[in-house]
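J.: Input structure: coords_27.txt, which contains compact mmCIF, C-alpha atoms and all ligand atoms.
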```
# COMPACT_ATOMS: atom_id res chain seq x y z
CA MET B 1113 2.14 -20.77 -16.04
CA GLU B 1114 2.41 -17.15 -17.16
CA LYS B 1115 5.34 -14.79 -16.76
CA ILE B 1116 4.13 -11.55 -15.23
CA LEU B 1117 6.26 -8.50 -14.47
CA VAL B 1118 5.13 -6.36 -11.52
CA LEU B 1119 6.25 -2.73 -11.46
CA ASN B 1120 6.07 -0.34 -8.53
CA ALA B 1121 7.06 3.15 -9.68
CA GLY B 1122 8.06 5.88 -7.23
CA SER B 1123 9.03 9.41 -8.20
CA THR B 1124 12.75 8.50 -8.38
CA SER B 1125 12.63 4.71 -8.17
CA LEU B 1126 11.23 1.72 -10.01
CA LYS B 1127 10.93 -1.64 -8.24
CA PHE B 1128 10.13 -4.84 -10.10
CA GLN B 1129 9.40 -8.54 -9.54
CA LEU B 1130 9.13 -11.18 -12.23
CA PHE B 1131 6.58 -13.89 -11.38
CA ASN B 1132 5.85 -17.25 -12.88
CA ILE B 1133 2.24 -17.75 -11.88
CA ASP B 1134 -0.99 -19.68 -12.44
CA GLU B 1135 -4.30 -20.06 -10.50
CA THR B 1136 -2.72 -21.88 -7.58
CA HIS B 1137 1.06 -21.50 -7.69
CA HIS B 1138 3.57 -18.76 -8.04
CA GLU B 1139 7.30 -18.26 -7.87
CA VAL B 1140 9.36 -15.08 -7.96
CA LEU B 1141 12.00 -15.59 -10.65
CA THR B 1142 13.90 -12.42 -9.85
CA LYS B 1143 13.35 -8.99 -8.37
CA GLY B 1144 15.10 -5.70 -7.88
CA GLY B 1145 14.84 -2.05 -8.63
CA VAL B 1146 16.33 1.11 -10.00
CA GLU B 1147 17.17 3.85 -7.49
CA ARG B 1148 17.94 7.56 -7.82
CA ILE B 1149 16.36 7.95 -11.26
CA GLY B 1150 17.35 11.35 -12.67
CA LEU B 1151 19.29 12.28 -9.52
CA GLY B 1152 22.80 11.18 -10.49
CA GLY B 1153 24.44 8.12 -8.93
CA SER B 1154 21.58 5.92 -10.17
CA SER B 1155 21.85 2.14 -10.04
CA LEU B 1156 20.09 -1.11 -10.82
CA THR B 1157 19.99 -3.67 -8.00
CA VAL B 1158 18.83 -7.21 -8.74
CA LYS B 1159 18.33 -10.33 -6.66
CA GLY B 1160 18.88 -13.67 -8.34
CA GLU B 1161 17.87 -17.18 -7.28
CA ASN B 1162 20.19 -17.28 -4.27
CA GLY B 1163 18.80 -13.95 -3.04
CA THR B 1164 22.13 -12.11 -3.09
CA PRO B 1165 21.64 -8.51 -4.22
CA PHE B 1166 23.89 -7.23 -6.98
CA THR B 1167 24.13 -3.51 -7.73
CA THR B 1168 25.34 -1.95 -10.98
CA GLU B 1169 25.77 1.80 -11.13
CA MET B 1170 24.60 3.27 -14.43
CA PRO B 1171 23.31 6.64 -15.60
CA ILE B 1172 19.48 6.48 -15.64
CA GLU B 1173 17.82 9.79 -16.41
CA ASN B 1174 14.15 8.82 -16.45
CA HIS B 1175 11.67 5.94 -16.03
CA LYS B 1176 11.92 5.03 -19.71
CA GLU B 1177 15.64 4.34 -19.30
CA ALA B 1178 14.93 2.44 -16.10
CA ILE B 1179 12.45 0.19 -17.95
CA LYS B 1180 14.99 -0.36 -20.70
CA ALA B 1181 17.62 -1.42 -18.14
CA ILE B 1182 15.16 -3.79 -16.40
CA LEU B 1183 14.01 -5.42 -19.67
CA HIS B 1184 17.65 -5.79 -20.75
CA TYR B 1185 18.48 -7.54 -17.45
CA LEU B 1186 15.43 -9.84 -17.70
CA THR B 1187 16.17 -10.91 -21.29
CA GLN B 1188 19.76 -11.77 -20.43
CA LYS B 1189 18.76 -14.50 -18.01
CA TYR B 1190 15.06 -14.93 -17.20
CA LEU B 1191 13.25 -14.41 -20.53
CA LYS B 1192 14.26 -15.71 -23.95
CA ASN B 1193 12.81 -12.49 -25.30
CA THR B 1194 10.17 -9.99 -24.20
CA ASP B 1195 7.44 -11.95 -26.09
CA GLU B 1196 7.62 -14.39 -23.19
CA LEU B 1197 6.01 -11.78 -20.93
CA SER B 1198 2.25 -12.37 -20.61
CA ALA B 1199 1.39 -9.20 -18.68
CA ILE B 1200 2.80 -6.24 -16.81
CA GLY B 1201 1.07 -5.21 -13.57
CA HIS B 1202 1.51 -1.61 -12.44
CA ARG B 1203 0.92 -0.43 -8.91
CA MET B 1204 -1.09 2.79 -9.39
CA GLY B 1205 -1.68 5.33 -6.64
CA TYR B 1206 -5.12 6.64 -7.29
CA GLY B 1207 -8.12 5.26 -9.14
CA GLY B 1208 -10.74 7.71 -7.86
CA GLU B 1209 -14.37 6.67 -8.26
CA ASP B 1210 -13.68 5.23 -11.71
CA PHE B 1211 -12.08 1.97 -10.69
CA ASP B 1212 -13.26 -0.49 -8.07
CA ARG B 1213 -11.01 -3.27 -9.38
CA SER B 1214 -7.83 -3.87 -11.35
CA VAL B 1215 -8.21 -3.30 -15.10
CA ALA B 1216 -6.41 -3.66 -18.42
CA ILE B 1217 -4.80 -0.34 -19.32
CA ASP B 1218 -6.45 1.19 -22.39
CA ASP B 1219 -7.03 4.73 -23.67
CA TYR B 1220 -9.80 5.33 -21.10
CA VAL B 1221 -7.53 4.32 -18.19
CA MET B 1222 -4.75 6.54 -19.55
CA GLN B 1223 -7.15 9.48 -19.88
CA LYS B 1224 -8.23 9.03 -16.23
CA LEU B 1225 -4.58 8.76 -15.19
CA TYR B 1226 -3.75 12.05 -16.94
CA GLU B 1227 -6.75 13.70 -15.26
CA SER B 1228 -5.56 12.54 -11.84
CA LEU B 1229 -2.01 13.92 -12.23
CA PRO B 1230 -2.66 17.10 -10.18
CA LEU B 1231 -3.65 14.84 -7.26
CA ILE B 1232 -0.54 12.67 -7.47
CA PRO B 1233 2.17 15.11 -8.54
CA LEU B 1234 5.07 12.99 -7.23
CA HIS B 1235 4.19 9.49 -8.42
CA GLY B 1236 1.83 10.27 -11.32
CA PRO B 1237 4.47 11.15 -13.93
CA ALA B 1238 6.39 7.97 -12.98
CA PHE B 1239 3.28 5.84 -13.70
CA VAL B 1240 2.67 7.59 -17.01
CA HIS B 1241 6.28 7.28 -18.19
CA SER B 1242 6.52 3.61 -17.17
CA ILE B 1243 3.33 2.68 -19.05
CA GLU B 1244 4.30 4.71 -22.12
CA ALA B 1245 7.77 3.12 -22.16
CA MET B 1246 6.26 -0.37 -22.00
CA ASN B 1247 3.86 0.57 -24.82
CA GLU B 1248 6.88 1.49 -26.90
CA PHE B 1249 9.17 -1.43 -26.01
CA VAL B 1250 6.63 -4.28 -25.71
CA PRO B 1251 3.45 -3.00 -27.45
CA ASN B 1252 1.80 -6.42 -27.58
CA VAL B 1253 2.02 -7.19 -23.86
CA LEU B 1254 -1.10 -6.58 -21.74
CA GLN B 1255 -0.62 -3.88 -19.10
CA VAL B 1256 -2.75 -3.94 -15.97
CA ALA B 1257 -3.47 -1.12 -13.50
CA VAL B 1258 -3.82 -2.13 -9.84
CA PHE B 1259 -5.05 0.82 -7.80
CA ASP B 1260 -4.25 1.79 -4.21
CA THR B 1261 -7.82 3.04 -3.79
CA SER B 1262 -10.03 0.43 -5.51
CA PHE B 1263 -10.73 -1.87 -2.53
CA HIS B 1264 -12.30 1.02 -0.60
CA GLN B 1265 -14.85 1.82 -3.30
CA SER B 1266 -17.27 -0.44 -1.40
CA VAL B 1267 -17.33 2.03 1.52
CA GLU B 1268 -20.79 3.58 1.92
CA LYS B 1269 -21.57 7.26 1.46
CA ALA B 1270 -22.01 8.10 5.15
CA GLU B 1271 -18.42 6.95 5.63
CA PHE B 1272 -16.79 8.43 2.54
CA LEU B 1273 -18.49 11.82 2.31
CA TYR B 1274 -17.00 14.78 4.20
CA ALA B 1275 -19.51 17.29 5.55
CA LEU B 1276 -18.25 20.01 3.22
CA PRO B 1277 -20.45 22.01 0.83
CA TYR B 1278 -21.88 19.25 -1.37
CA GLU B 1279 -20.51 20.76 -4.57
CA MET B 1280 -16.99 19.98 -3.28
CA TYR B 1281 -17.91 16.37 -3.81
CA LYS B 1282 -20.03 16.79 -6.94
CA LYS B 1283 -17.64 19.10 -8.79
CA GLU B 1284 -14.25 18.55 -7.19
CA HIS B 1285 -14.67 14.87 -6.25
CA ILE B 1286 -13.45 15.56 -2.73
CA ARG B 1287 -14.29 12.54 -0.59
CA ARG B 1288 -12.54 9.82 1.36
CA TYR B 1289 -10.84 7.40 -1.03
CA GLY B 1290 -8.51 5.49 1.28
CA PHE B 1291 -5.21 3.92 0.26
CA HIS B 1292 -3.08 0.78 0.88
CA SER B 1293 -5.85 -1.07 -0.99
CA THR B 1294 -3.63 -3.83 -2.32
CA SER B 1295 -2.13 -4.54 1.09
CA HIS B 1296 -5.45 -4.62 2.97
CA ARG B 1297 -7.05 -6.76 0.26
CA TYR B 1298 -4.14 -9.21 0.30
CA ALA B 1299 -4.12 -9.42 4.12
CA ALA B 1300 -7.90 -9.98 4.25
CA LYS B 1301 -7.69 -12.66 1.57
CA LYS B 1302 -4.87 -14.50 3.38
CA ALA B 1303 -6.63 -14.13 6.75
CA LYS B 1304 -9.74 -15.71 5.25
CA GLU B 1305 -7.63 -18.58 3.91
CA ILE B 1306 -6.09 -19.39 7.28
CA LEU B 1307 -9.25 -18.70 9.31
CA GLY B 1308 -11.44 -20.67 6.94
CA TYR B 1309 -14.16 -18.01 6.91
CA ASN B 1310 -14.84 -14.38 6.16
CA GLY B 1311 -16.14 -12.20 8.93
CA LYS B 1312 -15.58 -8.90 10.68
CA PHE B 1313 -11.90 -8.13 10.25
CA ILE B 1314 -9.84 -5.07 11.13
CA CYS B 1315 -6.54 -4.82 9.29
CA CYS B 1316 -3.73 -2.66 10.69
CA HIS B 1317 -1.20 -1.88 7.95
CA LEU B 1318 1.56 -0.41 10.08
CA GLY B 1319 4.54 0.51 7.93
CA GLY B 1320 6.16 3.87 7.22
CA GLY B 1321 2.69 4.91 6.10
CA ALA B 1322 -0.03 3.38 8.27
CA SER B 1323 -3.74 2.81 7.84
CA VAL B 1324 -6.48 0.79 9.51
CA THR B 1325 -9.32 -0.77 7.52
CA ALA B 1326 -12.56 -2.40 8.64
CA ILE B 1327 -13.42 -5.32 6.36
CA ASN B 1328 -16.81 -6.98 6.63
CA ASN B 1329 -17.30 -10.18 4.64
CA GLY B 1330 -14.39 -9.40 2.33
CA LYS B 1331 -15.45 -5.80 1.63
CA SER B 1332 -13.83 -2.63 2.92
CA VAL B 1333 -16.43 -0.73 4.97
CA ALA B 1334 -14.24 1.98 6.51
CA THR B 1335 -10.62 3.04 6.26
CA SER B 1336 -8.52 5.60 8.09
CA MET B 1337 -6.78 7.33 5.19
CA GLY B 1338 -8.97 9.82 3.37
CA TYR B 1339 -8.87 12.14 0.38
CA THR B 1340 -5.10 11.83 0.67
CA PRO B 1341 -2.83 9.50 2.67
CA THR B 1342 -2.17 12.27 5.21
CA SER B 1343 -5.22 11.49 7.34
CA GLY B 1344 -5.99 8.69 9.78
CA VAL B 1345 -3.62 7.22 12.36
CA ILE B 1346 -0.19 8.53 13.36
CA MET B 1347 2.51 7.42 10.91
CA SER B 1348 6.30 7.75 10.54
CA THR B 1349 6.26 11.29 9.13
CA ARG B 1350 2.52 12.07 8.85
CA GLY B 1351 0.46 13.09 11.85
CA GLY B 1352 -2.86 11.65 10.74
CA ASP B 1353 -6.15 13.23 11.76
CA MET B 1354 -6.04 16.77 13.09
CA ASP B 1355 -8.19 19.88 13.22
CA PRO B 1356 -8.42 21.11 9.59
CA TYR B 1357 -7.94 24.67 10.75
CA ILE B 1358 -4.37 23.97 11.92
CA PRO B 1359 -2.70 24.16 8.45
CA LEU B 1360 -4.60 27.39 7.73
CA HIS B 1361 -3.46 28.87 11.03
CA ILE B 1362 0.16 27.96 10.28
CA MET B 1363 -0.06 29.45 6.79
CA LYS B 1364 -1.52 32.68 8.16
CA THR B 1365 0.66 33.21 11.20
CA GLN B 1366 3.97 31.84 9.91
CA HIS B 1367 3.48 33.02 6.31
CA LYS B 1368 4.07 29.54 4.90
CA THR B 1369 3.02 28.55 1.40
CA ALA B 1370 0.68 25.63 0.68
CA ASP B 1371 3.70 23.67 -0.60
CA GLU B 1372 5.62 24.28 2.61
CA VAL B 1373 2.69 23.15 4.73
CA ASN B 1374 2.26 20.13 2.46
CA THR B 1375 5.90 19.19 3.11
CA MET B 1376 5.37 19.63 6.84
CA LEU B 1377 2.22 17.46 6.87
CA ASN B 1378 3.86 14.67 4.86
CA LYS B 1379 7.48 14.71 5.99
CA GLN B 1380 7.81 16.39 9.37
CA CYS B 1381 4.91 15.16 11.50
CA GLY B 1382 4.03 11.81 13.07
CA LEU B 1383 6.77 9.92 14.94
CA TYR B 1384 9.34 12.23 13.33
CA GLY B 1385 7.61 15.37 14.56
CA LEU B 1386 6.89 14.11 18.07
CA THR B 1387 10.43 12.81 18.65
CA GLY B 1388 12.33 15.64 16.99
CA GLY B 1389 13.68 13.53 14.16
CA HIS B 1390 13.10 9.77 14.57
CA ALA B 1391 10.81 8.51 11.81
CA ASP B 1392 11.80 4.85 12.00
CA MET B 1393 9.91 2.88 14.64
CA ARG B 1394 13.00 0.77 15.44
CA ASP B 1395 14.90 3.94 16.39
CA VAL B 1396 11.94 5.26 18.37
CA LEU B 1397 11.69 2.01 20.36
CA GLU B 1398 15.43 1.91 21.00
CA GLN B 1399 15.55 5.54 22.11
CA ALA B 1400 12.55 5.03 24.38
CA ASN B 1401 14.37 2.05 25.91
CA GLN B 1402 17.29 4.31 26.66
CA GLY B 1403 15.03 6.72 28.52
CA ASN B 1404 14.12 9.24 25.80
CA GLU B 1405 10.76 10.56 27.03
CA ASP B 1406 9.67 12.08 23.71
CA CYS B 1407 10.15 8.69 22.06
CA ALA B 1408 8.23 6.94 24.85
CA PHE B 1409 5.41 9.44 24.35
CA ALA B 1410 5.46 8.97 20.55
CA ILE B 1411 4.93 5.22 21.02
CA LYS B 1412 2.05 5.90 23.39
CA ALA B 1413 0.46 8.34 20.92
CA PHE B 1414 0.97 5.92 18.00
CA VAL B 1415 -0.77 3.10 19.87
CA TYR B 1416 -3.48 5.46 21.15
CA SER B 1417 -4.39 6.48 17.60
CA GLN B 1418 -4.66 2.80 16.60
CA ILE B 1419 -6.90 1.95 19.53
CA LYS B 1420 -9.27 4.85 18.87
CA THR B 1421 -9.63 3.83 15.24
CA ILE B 1422 -10.01 0.13 15.94
CA GLY B 1423 -12.62 0.86 18.63
CA SER B 1424 -14.71 2.97 16.29
CA TYR B 1425 -14.57 0.28 13.60
CA VAL B 1426 -15.66 -2.42 16.07
CA THR B 1427 -18.70 -0.24 16.74
CA LEU B 1428 -19.35 0.34 13.02
CA MET B 1429 -19.29 -3.40 12.31
CA GLY B 1430 -20.99 -4.42 15.55
CA GLY B 1431 -18.16 -6.75 16.58
CA LEU B 1432 -14.79 -8.16 15.61
CA ASP B 1433 -13.76 -11.66 14.54
CA ALA B 1434 -10.13 -11.05 13.65
CA LEU B 1435 -7.51 -8.36 14.07
CA ILE B 1436 -4.83 -8.46 11.36
CA PHE B 1437 -1.34 -6.98 11.57
CA THR B 1438 0.72 -6.37 8.44
CA ALA B 1439 3.67 -4.27 7.09
CA GLY B 1440 6.99 -3.37 8.76
CA ILE B 1441 5.81 -2.49 12.28
CA GLY B 1442 2.72 -4.73 12.22
CA GLU B 1443 4.75 -7.79 11.22
CA ASN B 1444 7.91 -7.21 13.20
CA SER B 1445 7.13 -5.39 16.43
CA SER B 1446 5.72 -7.80 19.00
CA TYR B 1447 5.85 -4.92 21.50
CA ILE B 1448 3.57 -2.61 19.50
CA ARG B 1449 1.18 -5.51 18.83
CA GLN B 1450 1.13 -6.27 22.54
CA LEU B 1451 0.39 -2.63 23.46
CA ILE B 1452 -2.51 -2.51 20.99
CA CYS B 1453 -3.93 -5.89 22.01
CA GLU B 1454 -3.75 -5.06 25.73
CA LYS B 1455 -6.26 -2.29 25.15
CA LEU B 1456 -8.63 -4.63 23.34
CA GLN B 1457 -9.04 -7.13 26.18
CA TYR B 1458 -12.54 -5.76 26.76
CA LEU B 1459 -13.51 -7.53 23.51
CA GLY B 1460 -12.37 -10.86 24.95
CA LEU B 1461 -9.15 -10.63 22.92
CA GLU B 1462 -6.37 -12.68 24.55
CA LEU B 1463 -2.90 -12.45 23.04
CA ASP B 1464 -0.60 -15.48 23.28
CA GLU B 1465 2.72 -13.94 24.37
CA THR B 1466 4.87 -16.80 23.07
CA ALA B 1467 3.23 -16.82 19.64
CA ASN B 1468 3.42 -13.01 19.56
CA SER B 1469 7.20 -13.14 19.98
CA ALA B 1470 7.80 -15.57 17.12
CA GLU B 1471 9.07 -14.68 13.64
CA PRO B 1472 6.44 -13.19 11.30
CA THR B 1473 4.70 -15.84 9.23
CA PRO B 1474 1.00 -16.00 8.35
CA THR B 1475 -0.10 -17.18 11.77
CA PHE B 1476 -2.44 -16.74 14.74
CA ILE B 1477 -1.01 -15.12 17.84
CA ASN B 1478 -4.11 -15.28 20.04
CA LYS B 1479 -4.78 -17.78 22.85
CA PRO B 1480 -7.19 -20.60 21.92
CA THR B 1481 -9.76 -19.12 24.36
CA SER B 1482 -9.62 -15.67 22.75
CA LYS B 1483 -12.94 -14.38 21.39
CA VAL B 1484 -11.05 -12.41 18.73
CA LYS B 1485 -8.43 -14.03 16.51
CA VAL B 1486 -5.21 -12.06 16.07
CA VAL B 1487 -3.35 -12.77 12.84
CA ILE B 1488 -0.01 -11.68 11.37
CA ILE B 1489 0.03 -11.56 7.59
CA PRO B 1490 3.38 -10.55 6.05
CA ALA B 1491 2.62 -7.92 3.40
CA ASN B 1492 2.99 -8.97 -0.22
CA GLU B 1493 1.48 -6.34 -2.45
CA GLU B 1494 3.54 -7.54 -5.41
CA LEU B 1495 1.95 -10.99 -5.28
CA MET B 1496 -1.53 -9.43 -5.17
CA ILE B 1497 -0.65 -7.31 -8.24
CA ALA B 1498 0.65 -10.44 -10.03
CA GLU B 1499 -2.54 -12.37 -9.13
CA ASP B 1500 -4.76 -9.51 -10.32
CA SER B 1501 -2.76 -9.22 -13.56
CA TYR B 1502 -3.14 -12.97 -14.07
CA GLN B 1503 -6.94 -12.70 -13.62
CA VAL B 1504 -7.23 -9.72 -16.00
CA LEU B 1505 -5.10 -11.66 -18.52
CA LYS B 1506 -7.36 -14.73 -18.30
CA GLU B 1507 -10.50 -12.58 -18.69
CA ALA B 1508 -8.97 -10.91 -21.76
CA GLN B 1509 -8.04 -14.29 -23.25
CA ASN B 1510 -11.56 -15.65 -22.58
CA SER B 1511 -13.28 -12.69 -24.18
CA GLU B 1512 -10.96 -13.00 -27.19
CA LYS B 1513 -11.96 -16.67 -27.51
CA LYS B 1514 -15.66 -15.74 -27.35
CA ALA B 1515 -15.18 -13.08 -30.02
CA VAL B 1516 -13.56 -15.53 -32.45
P1 LIG J 1601 7.08 1.27 3.95
O1 LIG J 1601 5.76 1.81 4.37
O2 LIG J 1601 8.13 2.31 3.83
O3 LIG J 1601 7.03 0.28 2.82
P2 LIG J 1601 7.58 -0.94 5.81
O4 LIG J 1601 6.31 -1.67 5.66
O5 LIG J 1601 8.84 -1.61 5.41
O6 LIG J 1601 7.59 0.50 5.19
O7 LIG J 1601 7.70 -0.50 7.35
C1 LIG J 1601 8.70 0.35 7.79
C2 LIG J 1601 8.54 0.54 9.29
O8 LIG J 1601 8.61 -0.74 9.93
C3 LIG J 1601 9.65 1.40 9.88
O9 LIG J 1601 9.08 2.34 10.80
C4 LIG J 1601 10.48 0.39 10.62
O10 LIG J 1601 11.11 0.94 11.74
C5 LIG J 1601 9.42 -0.60 11.07
N1 LIG J 1601 10.03 -1.86 11.48
C6 LIG J 1601 10.67 -2.80 10.73
N2 LIG J 1601 11.13 -3.79 11.52
C7 LIG J 1601 10.78 -3.49 12.80
C8 LIG J 1601 10.96 -4.10 14.07
N3 LIG J 1601 11.61 -5.25 14.21
N4 LIG J 1601 10.44 -3.49 15.15
C9 LIG J 1601 9.79 -2.32 15.05
N5 LIG J 1601 9.58 -1.68 13.87
C10 LIG J 1601 10.07 -2.25 12.77
```
Have the structure of the file written as structure tokens, please.
T.:
Amino acid sequence: MEKILVLNAGSTSLKFQLFNIDETHHEVLTKGGVERIGLGGSSLTVKGENGTPFTTEMPIENHKEAIKAILHYLTQKYLKNTDELSAIGHRMGYGGEDFDRSVAIDDYVMQKLYESLPLIPLHGPAFVHSIEAMNEFVPNVLQVAVFDTSFHQSVEKAEFLYALPYEMYKKEHIRRYGFHSTSHRYAAKKAKEILGYNGKFICCHLGGGASVTAINNGKSVATSMGYTPTSGVIMSTRGGDMDPYIPLHIMKTQHKTADEVNTMLNKQCGLYGLTGGHADMRDVLEQANQGNEDCAFAIKAFVYSQIKTIGSYVTLMGGLDALIFTAGIGENSSYIRQLICEKLQYLGLELDETANSAEPTPTFINKPTSKVKVVIIPANEELMIAEDSYQVLKEAQNSEKKAV
């Protein structure tokens, strides 16, 4: 077994999970996170064996201090010392065209990360500082980059290229990259395990951010997010696909800056925009139940955008074997799943209402006669990052052995 630390850095947060893992087994020894980094009122919350969260307020000015606090906590109880760590897996936002898999972090990976900083202004510095801090505190531990974009590198050119002047792609690398890679890859892997075969899958990752991916024989062939996570289906605070002229029109007529429009596109659209302030699907459903028509419409629009995307992906793949639901809404809202599945009856998809209402576990929720399987896979991106880090570690150890 190897002890692997998984880190998920946000602009003002740093989540972690410590795994004990080998080829076939894993356990989470502890997990937690630092919140409000550099904002004042920062704290470290940890969950021990019994799952009870415990929060300690402490001044944490930057990601380096957050790493220090996490390593200090781990060595008090879960590690004799930091030498016991075999690898550190980092969730990285953007791997561009350079990375189609998870890799050991070396100078080349760092150079590519620095180059991508203008594209990921919020999260990028957090990744850089976390990796640099680990290099300083535990220089001998392997660090692994697991990218949000890598799974979609198998998408073919007709799907990833926008019909812009070609130099926008050649010089500026503007193309569809897609995101939520780790989640879609994990869900497809688990779906294959419980189905017993690979086939034509469509995975709906419906969380705060949402994306739909078509997966044929284990490979991503199309995905709804694009050059950035703003495109695709309707999400909590992003509106998804829209006429590209709209932001320009708003900038011109309302004299808004690019930054202001960026904030609008990322924080004020989607469910939030349509309902006048409800970004959380639970609130939207509750309000709709109480007769709020804007919320009822937002649900309709949310489902509509899913159906359109799923339908186009069924056409692209020439069929559908399994529809997968994952992430907050996908796992927990039987109602949203039902609304989506109702519109897919033309494919011979038959939802089992009783199974659909049960608690989310990796399970089928279709009737036995259904021509399309419907599967819930609870998201676990951290486990996928730990598994990838384990594989990269074993490859590194094998190549070291060969070199000796
Ligand atoms: P994030 O993308 O922020 O990681 P999650 O995957 O946790 O988010 O998903 C958050 C979304 O899931 C929120 O919109 C939340 O309302 C929704 N959600 C969680 N539980 C339920 C539920 N029981 N019914 C409907 N929506 C739910």
J.: For ligand LIG 1601 (chain J), which residue out of B:Leu1397, B:Ala1434, B:Ala1515, B:Ala1467 is the nearest one, using only C-alpha atoms and all ligand atoms?
T.: B:Leu1397
J.: Residues within 7 Å of ligand LIG 1601 (chain J) should be enumerated using all atoms listed in the file and returned as a CSV table (one decimal) with C-alpha atoms, in the frame of the given file.
T.:
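Listed below is the output, pocket-v4.csv:
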```csv
chain,number,residue,atom,x,y,z
B,1318,LEU,CA,1.6,-0.4,10.1
B,1319,GLY,CA,4.5,0.5,7.9
B,1320,GLY,CA,6.2,3.9,7.2
B,1321,GLY,CA,2.7,4.9,6.1
B,1348,SER,CA,6.3,7.8,10.5
B,1391,ALA,CA,10.8,8.5,11.8
B,1392,ASP,CA,11.8,4.8,12.0
B,1393,MET,CA,9.9,2.9,14.6
B,1394,ARG,CA,13.0,0.8,15.4
B,1395,ASP,CA,14.9,3.9,16.4
B,1439,ALA,CA,3.7,-4.3,7.1
B,1440,GLY,CA,7.0,-3.4,8.8
B,1441,ILE,CA,5.8,-2.5,12.3
B,1444,ASN,CA,7.9,-7.2,13.2
B,1445,SER,CA,7.1,-5.4,16.4
```
J.: Rank B:Leu1183, B:Ile1362, B:Ala1413, B:Leu1126 by their smallest atom-to-atom distance to His1235 of chain B, using only C-alpha atoms, and report the top residue only.
T.: B:Leu1126
J.: Just want the 8 Å neighbourhood of Lys1127 of chain B, counted on only C-alpha atoms, with same-chain residues fewer than 3 positions away dropped. Output as an MDAnalysis selection string.
T.: chainID B and resid 1119:1121 1143:1146
J.: For Glu1494 of chain B, find every residue with an atom within 8 Å (counting only C-alpha atoms), except residues of its own chain fewer than 4 positions away, and show them as a PyMOL selection string.
T.: chain B and resi 1118+1129+1498
J.: The selected residues should be written to file as a PDB file, in the frame of the given file (atoms: C-alpha atoms).
T.:
```
ATOM      1  CA  VAL B1118       5.130  -6.360 -11.520  1.00  0.00           C
ATOM      2  CA  GLN B1129       9.400  -8.540  -9.540  1.00  0.00           C
ATOM      3  CA  ALA B1498       0.650 -10.440 -10.030  1.00  0.00           C
TER       4      ALA B1498
END
```
J.: Quick one: everything within 10 Å of Lys1304 of chain B, counting all atoms listed in the file, minus sequence neighbours fewer than 4 positions away in the same chain. Send it as a PyMOL selection string.
T.: chain B and resi 1298-1300+1308-1311+1313+1329-1330+1434
J.: Between atom CA of Val1221 of chain B and atom CA of Tyr1339 of chain B, what distance in Å does the model show, to one decimal?
T.: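 Interatomic distance here is 20.2 Å.
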J.: Would you mind reading off the distance between atom CA of Asn1247 of chain B and atom CA of Glu1209 of chain B, one decimal, in Å?
T.: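 Atom-to-atom, atom CA of Asn1247 of chain B and atom CA of Glu1209 of chain B are spaced 25.4 Å apart.
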J.: Pick the closest to Leu1234 of chain B from B:Thr1438, B:Phe1272, B:Gly1205, B:Thr1194: which is it, counting only C-alpha atoms?
T.: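 Going through B:Thr1438, B:Phe1272, B:Gly1205, B:Thr1194 one by one, the smallest distance to Leu1234 of chain B is for B:Gly1205.
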J.: Using all atoms listed in the file, which of B:Thr1481, B:Asn1510, B:Asn1492, B:Thr1168 sits nearest Val1140 of chain B?
T.: B:Asn1492
J.: How far is it from atom CA of Val1158 of chain B to atom CA of Asp1195 of chain B, in Å with one decimal?
T.: 21.3 Å
J.: Identify which of the residues B:Lys1312, B:His1296, B:Lys1364, B:Lys1115 lies closest to Ala1491 of chain B, counting all atoms listed in the file when measuring atom-to-atom distances.
T.: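 Checking each of B:Lys1312, B:His1296, B:Lys1364, B:Lys1115 against Ala1491 of chain B, counting all atoms listed in the file, the winner is B:His1296.
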J.: Need the shell around Ile1116 of chain B: protein/DNA/RNA residues with any atom at most 8 Å away, counting all atoms listed in the file. Skip same-chain ones fewer than 6 positions apart. Format as a short mmCIF file (atom, residue, chain, number, x, y, z; two decimals) with C-alpha atoms, keeping the file's coordinate frame?
T.:
```cif
data_model
loop_
_atom_site.label_atom_id
_atom_site.label_comp_id
_atom_site.auth_asym_id
_atom_site.auth_seq_id
_atom_site.Cartn_x
_atom_site.Cartn_y
_atom_site.Cartn_z
CA LEU B 1130 9.13 -11.18 -12.23
CA PHE B 1131 6.58 -13.89 -11.38
CA ASN B 1132 5.85 -17.25 -12.88
CA ILE B 1133 2.24 -17.75 -11.88
CA LEU B 1197 6.01 -11.78 -20.93
CA SER B 1198 2.25 -12.37 -20.61
CA ALA B 1199 1.39 -9.20 -18.68
CA ILE B 1200 2.80 -6.24 -16.81
CA GLY B 1201 1.07 -5.21 -13.57
CA ALA B 1498 0.65 -10.44 -10.03
CA SER B 1501 -2.76 -9.22 -13.56
CA TYR B 1502 -3.14 -12.97 -14.07
#
```
J.: Would you please work out which residue, of B:Asp1212, B:Glu1196, B:Asp1219, B:Asp1134, is nearest to Val1253 of chain B when using only C-alpha atoms?
T.: B:Glu1196
J.: With all atoms listed in the file as the counted atoms, please give the residues lying no more than 10 Å from Asp1218 of chain B, apart from itself and same-chain residues fewer than 3 positions off, as a PyMOL selection string.
T.: chain B and resi 1215+1221-1223+1254-1257
J.: For segment 1221-1230 of chain B, take all atoms listed in the file, fit an axis-aligned box around them, add 6 Å to each of the six sides, then output centre and edge lengths in Å rounded to one decimal, as JSON.
T.:
```
{"center_x": -5.1, "center_y": 10.7, "center_z": -15.0, "size_x": 18.2, "size_y": 24.8, "size_z": 21.7}
```
